[in-house]
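Structure file model_28.txt (compact mmCIF, C-alpha atoms) is printed below.
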# COMPACT_ATOMS: atom_id res chain seq x y z
CA HIS A 5 11.91 -6.87 20.40
CA SER A 6 8.81 -4.77 21.04
CA PRO A 7 5.45 -6.43 21.83
CA SER A 8 4.19 -5.48 18.37
CA SER A 9 7.17 -7.08 16.58
CA SER A 10 6.78 -10.25 18.69
CA LEU A 11 3.13 -10.44 17.72
CA LEU A 12 3.92 -10.00 14.03
CA THR A 13 6.38 -12.91 14.11
CA SER A 14 3.88 -15.14 15.91
CA PRO A 15 1.61 -17.71 14.21
CA PRO A 16 -1.36 -16.28 12.25
CA SER A 17 -3.81 -17.81 14.72
CA GLN A 18 -2.52 -15.50 17.46
CA ALA A 19 -2.80 -12.50 15.16
CA HIS A 20 -6.43 -13.45 14.47
CA GLU A 21 -7.14 -13.62 18.19
CA VAL A 22 -5.91 -10.05 18.59
CA ARG A 23 -7.35 -8.62 15.38
CA ASN A 24 -10.95 -9.70 15.99
CA PRO A 25 -11.44 -7.76 19.26
CA LEU A 26 -9.26 -4.94 17.91
CA SER A 27 -11.69 -4.45 15.03
CA VAL A 28 -14.46 -3.98 17.59
CA VAL A 29 -12.38 -1.31 19.33
CA VAL A 30 -11.69 0.50 16.04
CA ASN A 31 -15.39 0.52 15.11
CA GLY A 32 -16.32 1.67 18.61
CA LEU A 33 -13.91 4.60 18.47
CA HIS A 34 -15.28 5.67 15.10
CA PHE A 35 -18.81 5.52 16.53
CA VAL A 36 -17.83 7.70 19.50
CA GLN A 37 -16.20 10.22 17.15
CA GLU A 38 -19.35 10.49 15.06
CA GLU A 39 -21.67 10.69 18.06
CA LEU A 40 -19.71 13.43 19.84
CA GLY A 41 -18.99 15.46 16.73
CA GLU A 42 -18.33 19.16 17.33
CA ALA A 43 -19.67 18.91 20.89
CA CYS A 44 -16.51 17.04 21.88
CA PRO A 45 -14.04 19.20 23.88
CA PRO A 46 -10.81 19.90 21.92
CA SER A 47 -8.58 18.01 24.37
CA VAL A 48 -10.84 14.94 24.27
CA ARG A 49 -11.09 15.17 20.48
CA ALA A 50 -7.30 15.17 20.18
CA ASP A 51 -6.98 12.11 22.43
CA LEU A 52 -9.74 10.34 20.55
CA THR A 53 -8.12 11.08 17.19
CA MET A 54 -4.82 9.70 18.45
CA ALA A 55 -6.54 6.56 19.76
CA VAL A 56 -8.21 6.03 16.38
CA LYS A 57 -4.94 6.43 14.48
CA CYS A 58 -3.07 4.06 16.80
CA THR A 59 -5.68 1.31 16.71
CA GLU A 60 -6.07 1.61 12.93
CA TYR A 61 -2.29 1.34 12.57
CA VAL A 62 -2.15 -1.88 14.60
CA ASP A 63 -5.17 -3.25 12.74
CA GLU A 64 -3.50 -2.58 9.40
CA LEU A 65 -0.28 -4.24 10.58
CA LEU A 66 -2.13 -7.37 11.64
CA THR A 67 -4.05 -7.46 8.37
CA SER A 68 -0.78 -7.20 6.40
CA HIS A 69 0.78 -9.94 8.56
CA LEU A 70 -2.15 -12.27 7.88
CA ASP A 71 -2.20 -11.46 4.15
CA LEU A 72 1.53 -12.11 3.86
CA GLY A 73 1.17 -15.49 5.54
CA LYS A 74 -1.65 -16.46 3.17
CA LEU A 75 0.32 -15.35 0.12
CA GLU A 76 3.39 -17.31 1.20
CA ASN A 77 1.25 -20.41 1.67
CA GLY A 78 -0.53 -19.98 -1.66
CA GLU A 79 -3.87 -19.44 0.07
CA VAL A 80 -4.79 -16.14 -1.60
CA GLN A 81 -7.03 -16.30 -4.65
CA LEU A 82 -6.75 -13.32 -6.97
CA HIS A 83 -9.90 -11.80 -8.44
CA PRO A 84 -8.99 -10.18 -11.76
CA GLU A 85 -11.55 -7.93 -13.40
CA ARG A 86 -11.55 -5.23 -16.02
CA CYS A 87 -10.31 -2.04 -14.41
CA SER A 88 -8.61 1.25 -15.18
CA LEU A 89 -5.26 1.72 -13.46
CA ARG A 90 -5.91 5.46 -13.36
CA HIS A 91 -9.50 5.51 -12.10
CA ASP A 92 -9.76 2.24 -10.14
CA VAL A 93 -6.28 1.91 -8.64
CA LEU A 94 -4.12 5.04 -8.54
CA SER A 95 -6.75 7.73 -7.98
CA PRO A 96 -8.43 5.92 -5.02
CA VAL A 97 -5.04 5.43 -3.32
CA VAL A 98 -4.17 9.12 -3.70
CA ALA A 99 -7.62 10.17 -2.45
CA MET A 100 -7.37 7.88 0.59
CA LEU A 101 -3.93 9.19 1.55
CA HIS A 102 -5.06 12.79 1.04
CA SER A 103 -7.95 12.14 3.43
CA ARG A 104 -5.38 11.14 6.05
CA GLY A 105 -3.59 14.45 5.76
CA ASN A 106 -0.94 13.58 3.18
CA ALA A 107 -1.70 16.56 0.96
CA ASP A 108 1.64 16.62 -0.88
CA LEU A 109 1.01 13.28 -2.58
CA SER A 110 0.56 13.70 -6.33
CA LEU A 111 -0.49 11.47 -9.20
CA THR A 112 1.53 11.24 -12.41
CA MET A 113 0.30 9.33 -15.44
CA VAL A 114 0.48 9.45 -19.21
CA GLU A 115 -1.98 12.17 -20.14
CA GLY A 116 -5.34 10.83 -21.24
CA ASP A 117 -4.42 7.15 -20.84
CA PRO A 118 -6.61 5.34 -18.26
CA LEU A 119 -4.75 2.04 -18.91
CA TRP A 120 -7.50 -0.57 -18.98
CA VAL A 121 -6.31 -4.02 -17.87
CA GLU A 122 -7.64 -7.27 -16.42
CA ALA A 123 -6.30 -7.33 -12.86
CA ASP A 124 -7.12 -7.59 -9.16
CA ALA A 125 -7.57 -3.88 -8.44
CA LEU A 126 -7.82 -4.43 -4.68
CA ARG A 127 -4.38 -6.07 -4.52
CA LEU A 128 -2.84 -3.42 -6.75
CA LYS A 129 -4.18 -0.72 -4.43
CA GLN A 130 -2.70 -2.65 -1.51
CA VAL A 131 0.75 -2.57 -3.15
CA LEU A 132 0.67 1.15 -3.92
CA THR A 133 -0.77 2.04 -0.51
CA ASN A 134 2.05 0.19 1.24
CA LEU A 135 4.68 1.82 -0.96
CA ALA A 136 3.25 5.30 -0.42
CA LYS A 137 2.93 4.83 3.36
CA ASN A 138 6.51 3.64 3.47
CA ALA A 139 7.63 6.78 1.62
CA ILE A 140 5.58 9.05 3.90
CA LYS A 141 7.62 7.88 6.89
CA PHE A 142 10.80 9.27 5.37
CA VAL A 143 9.64 12.31 3.37
CA LYS A 144 9.02 15.32 5.58
CA ASP A 145 9.11 18.01 2.90
CA GLY A 146 8.99 17.36 -0.80
CA TYR A 147 6.97 15.02 -2.95
CA ILE A 148 5.70 11.49 -3.31
CA ARG A 149 4.48 10.57 -6.77
CA LEU A 150 2.50 7.59 -7.97
CA GLY A 151 2.22 6.66 -11.60
CA ALA A 152 1.68 3.99 -14.21
CA ARG A 153 2.54 3.38 -17.82
CA ARG A 154 2.47 0.62 -20.37
CA VAL A 155 5.75 -1.03 -21.28
CA HIS A 156 5.71 -3.23 -24.37
CA GLU A 157 2.34 -4.64 -25.37
CA ASP A 158 1.63 -6.94 -22.47
CA HIS A 159 3.23 -5.35 -19.39
CA VAL A 160 2.60 -2.33 -17.22
CA GLU A 161 4.71 -0.51 -14.67
CA LEU A 162 3.37 1.10 -11.52
CA TRP A 163 5.70 3.24 -9.48
CA CYS A 164 6.04 5.17 -6.28
CA GLU A 165 8.84 7.72 -6.14
CA ASP A 166 9.91 10.37 -3.67
CA ASP A 167 12.64 12.92 -3.00
CA GLY A 168 13.48 11.62 0.46
CA PRO A 169 16.87 10.47 1.77
CA GLY A 170 16.95 7.44 -0.51
CA ILE A 171 18.16 3.93 0.26
CA PRO A 172 21.86 2.97 0.34
CA PRO A 173 22.78 0.29 -2.24
CA SER A 174 24.27 -1.79 0.58
CA LYS A 175 20.80 -2.16 2.12
CA ALA A 176 18.83 -2.65 -1.08
CA ALA A 177 19.44 -6.41 -1.23
CA LYS A 178 17.50 -7.11 1.99
CA LEU A 179 14.85 -4.48 1.40
CA PHE A 180 12.04 -6.93 0.61
CA CYS A 181 12.87 -9.45 3.31
CA LYS A 182 10.39 -9.86 6.16
CA TYR A 183 11.00 -7.83 9.32
CA THR A 184 13.91 -5.93 7.76
CA GLN A 185 14.34 -2.35 8.96
CA LEU A 186 16.64 0.15 7.27
CA ASN A 187 17.90 1.57 10.53
CA ALA A 188 17.28 1.65 14.26
CA HIS A 189 15.01 4.68 13.87
CA ASP A 190 12.76 3.06 11.25
CA GLN A 191 9.16 3.20 12.45
CA GLY A 192 8.08 0.25 10.34
CA THR A 193 7.93 -3.46 11.09
CA GLY A 194 9.41 -4.75 7.83
CA ILE A 195 6.15 -6.24 6.57
CA GLY A 196 4.94 -3.69 4.01
CA LEU A 197 7.60 -4.19 1.34
CA ALA A 198 7.63 -7.98 1.81
CA LEU A 199 3.86 -7.96 1.27
CA CYS A 200 4.25 -5.84 -1.87
CA ARG A 201 6.71 -8.33 -3.30
CA ALA A 202 4.49 -11.30 -2.43
CA ILE A 203 1.49 -9.71 -4.16
CA ALA A 204 3.53 -8.77 -7.25
CA GLU A 205 4.92 -12.29 -7.54
CA ALA A 206 1.46 -13.83 -7.04
CA MET A 207 0.36 -11.78 -10.06
CA GLY A 208 3.31 -13.05 -12.09
CA GLY A 209 5.29 -9.83 -11.77
CA SER A 210 8.10 -8.28 -9.78
CA ILE A 211 8.95 -5.23 -7.71
CA ASP A 212 12.34 -3.55 -7.55
CA LEU A 213 14.10 -0.48 -6.26
CA ASP A 214 15.15 1.58 -9.30
CA PRO A 215 18.97 1.95 -9.04
CA ALA A 216 19.00 4.68 -11.70
CA TYR A 217 16.77 7.01 -9.66
CA THR A 218 18.94 9.32 -7.58
CA ASP A 219 16.50 11.95 -6.25
CA GLY A 220 15.30 9.71 -3.43
CA ALA A 221 13.72 6.26 -3.72
CA ARG A 222 11.70 4.85 -6.60
CA PHE A 223 9.94 1.49 -6.40
CA VAL A 224 8.76 -0.01 -9.68
CA THR A 225 6.23 -2.84 -9.90
CA THR A 226 6.20 -4.61 -13.28
CA LEU A 227 3.20 -6.80 -14.08
CA PRO A 228 2.21 -8.91 -17.10
CA LEU A 229 -1.08 -7.14 -17.81
CA ALA A 230 -2.20 -6.95 -21.42
CA ALA A 231 -4.41 -4.09 -22.56
CA VAL A 232 -8.17 -4.68 -22.73
CA ASP A 233 -11.00 -2.62 -24.16
CA PRO A 234 -12.87 -0.24 -21.84
CA PRO A 235 -16.36 -1.35 -20.72
CA ASN A 236 -19.00 -1.30 -23.45
CA VAL A 237 -16.34 -1.17 -26.16
CA ARG A 238 -15.90 -4.23 -28.33
CA ALA A 239 -12.94 -4.85 -30.54
CA VAL A 240 -13.75 -4.62 -34.23
CA ALA A 241 -13.11 -7.88 -36.02
Just give me the structure of the file as structure tokens.
Amino acid sequence: HSPSSSLLTSPPSQAHEVRNPLSVVVNGLHFVQEELGEACPPSVRADLTMAVKCTEYVDELLTSHLDLGKLENGEVQLHPERCSLRHDVLSPVVAMLHSRGNADLSLTMVEGDPLWVEADALRLKQVLTNLAKNAIKFVKDGYIRLGARRVHEDHVELWCEDDGPGIPPSKAAKLFCKYTQLNAHDQGTGIGLALCRAIAEAMGGSIDLDPAYTDGARFVTTLPLAAVDPPNVRAVA
């Protein structure tokens, strides 16, 4: 096992001990980037950018590890609020990934339907971000699409689909287990999908790999979220 995988299987207290000083390093690197700006020599700028990406990656892994532990122990309290799946969940995820250089990511939704629901938007963004990042590792050329739609009156589906190599049915059963990697070349740690499932289940829903999708991989998160009125709109009695 690599040092990073050993850390991620260690108790949460050890992850906290690493994450706290790591956050200081991440903030310090961002400060140096901003202070140097265009005056920074190209070679130094490239090294600095790589250092930022690496430390942010480890920081995100530790955060996911800690969140997963809290979810498994029932220590996470959800904070549902009125939100639009289009404007408050999907669009911010796409914008964030675009800012990181993932320009081929696109957003697909029912035209003109913002899908207002009562939900924890932060946790929904966490699910879609993890799914999209997982797809990015395997899709070199092609597309990654995020979307949402209402199914029945009291459920919604959020999905992330791509035209990558897909996932063999033989490996689908263990896909959401902690620390599971699809193959020896997988860059992940096996936390992202397990975290997505834990969040979906905490919200009373589920997440599955769509077996009918054959163009790549398609993950569908189904949640019991009834429709609500947009802000400042009251239902007529």
Note to self: Between CA of Met207 (chain A) and CA of Trp120 (chain A), what is the distance in Å, rounded to a tenth?
What the structure shows: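 It comes out at 16.3 Å.
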Check: What separation in Å, quoted to one decimal, exists between CA of Gly151 (chain A) and CA of Gly208 (chain A)?
Finding: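 Between CA of Gly151 (chain A) and CA of Gly208 (chain A) the gap works out to 19.7 Å.
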Pull the closest atom pair for each residue of region 30-135 of chain A that gets at most 12 Å from region 215-232 of chain A, along with the distance in Å to one decimal, counting all atoms listed in the file, ordering rows by chain and then ascending residue number, as a Markdown table.
| residue | atom | partner | partner_atom | distance |
| --- | --- | --- | --- | --- |
| A:Pro84 | CA | A:Leu229 | CA | 10.4 |
| A:Glu85 | CA | A:Val232 | CA | 10.4 |
| A:Arg86 | CA | A:Val232 | CA | 7.5 |
| A:Cys87 | CA | A:Val232 | CA | 9.0 |
| A:Ser88 | CA | A:Val232 | CA | 9.6 |
| A:Leu89 | CA | A:Leu229 | CA | 10.7 |
| A:Asp117 | CA | A:Ala231 | CA | 11.4 |
| A:Pro118 | CA | A:Ala231 | CA | 10.6 |
| A:Leu119 | CA | A:Ala231 | CA | 7.1 |
| A:Trp120 | CA | A:Val232 | CA | 5.6 |
| A:Val121 | CA | A:Ala231 | CA | 5.1 |
| A:Glu122 | CA | A:Leu229 | CA | 6.7 |
| A:Ala123 | CA | A:Leu229 | CA | 7.2 |
| A:Asp124 | CA | A:Leu229 | CA | 10.6 |
| A:Ala125 | CA | A:Leu229 | CA | 11.9 |
| A:Leu128 | CA | A:Thr225 | CA | 9.6 |
| A:Lys129 | CA | A:Thr225 | CA | 11.9 |
| A:Val131 | CA | A:Thr225 | CA | 8.7 |
| A:Leu132 | CA | A:Thr225 | CA | 9.1 |
| A:Asn134 | CA | A:Phe223 | CA | 11.1 |
| A:Leu135 | CA | A:Phe223 | CA | 7.6 |
Margin query: One decimal, in Å: what's the spacing between CA of Arg149 (chain A) and CA of Ala202 (chain A)?
Written below: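 CA of Ala202 (chain A) lies 22.3 Å from CA of Arg149 (chain A).
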Note to self: Let me make sure I understand: among A:Cys200, A:Val36, A:Leu94, A:Leu82, which one has the smallest atom-to-atom distance to Arg153 (chain A) if we use all atoms listed in the file?
What the structure shows: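 Closest candidate: A:Leu94.
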Note to self: Just checking: using only C-alpha atoms, which residue out of A:Ala139, A:Leu75, A:Val62, A:Leu150 ends up closest to Ser27 (chain A)?
What the structure shows: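 Smallest separation from Ser27 (chain A) among the options: A:Val62.
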Notebook entry, point to check: Taking only C-alpha atoms into account, which of A:Leu162, A:Leu26, A:Val97, A:Ala206 comes nearest His83 (chain A)?
Noted result: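 Of the candidates, the smallest distance to His83 (chain A) is held by A:Ala206.
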Notebook entry, point to check: Which is closest to Leu70 (chain A) among A:Arg127, A:His102, A:Ile195, A:Leu52, if we use all atoms listed in the file?
Noted result: A:Ile195
Next item on the list: Kindly indicate which residue among A:Lys144, A:Phe180, A:Asn236, A:Lys137 lies nearest to Glu64 (chain A), using all atoms listed in the file for the distances.
Entry: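 Once distances to Glu64 (chain A) are computed over all atoms listed in the file, the minimum belongs to A:Lys137.
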Next item on the list: Would you list the residues near (-5.4, 5.7, 17.1) (no more than 12 Å away, in the coordinates of the file, using all atoms listed in the file) as a ChimeraX atom specification?
Entry: /A:26,29-34,37,49-64
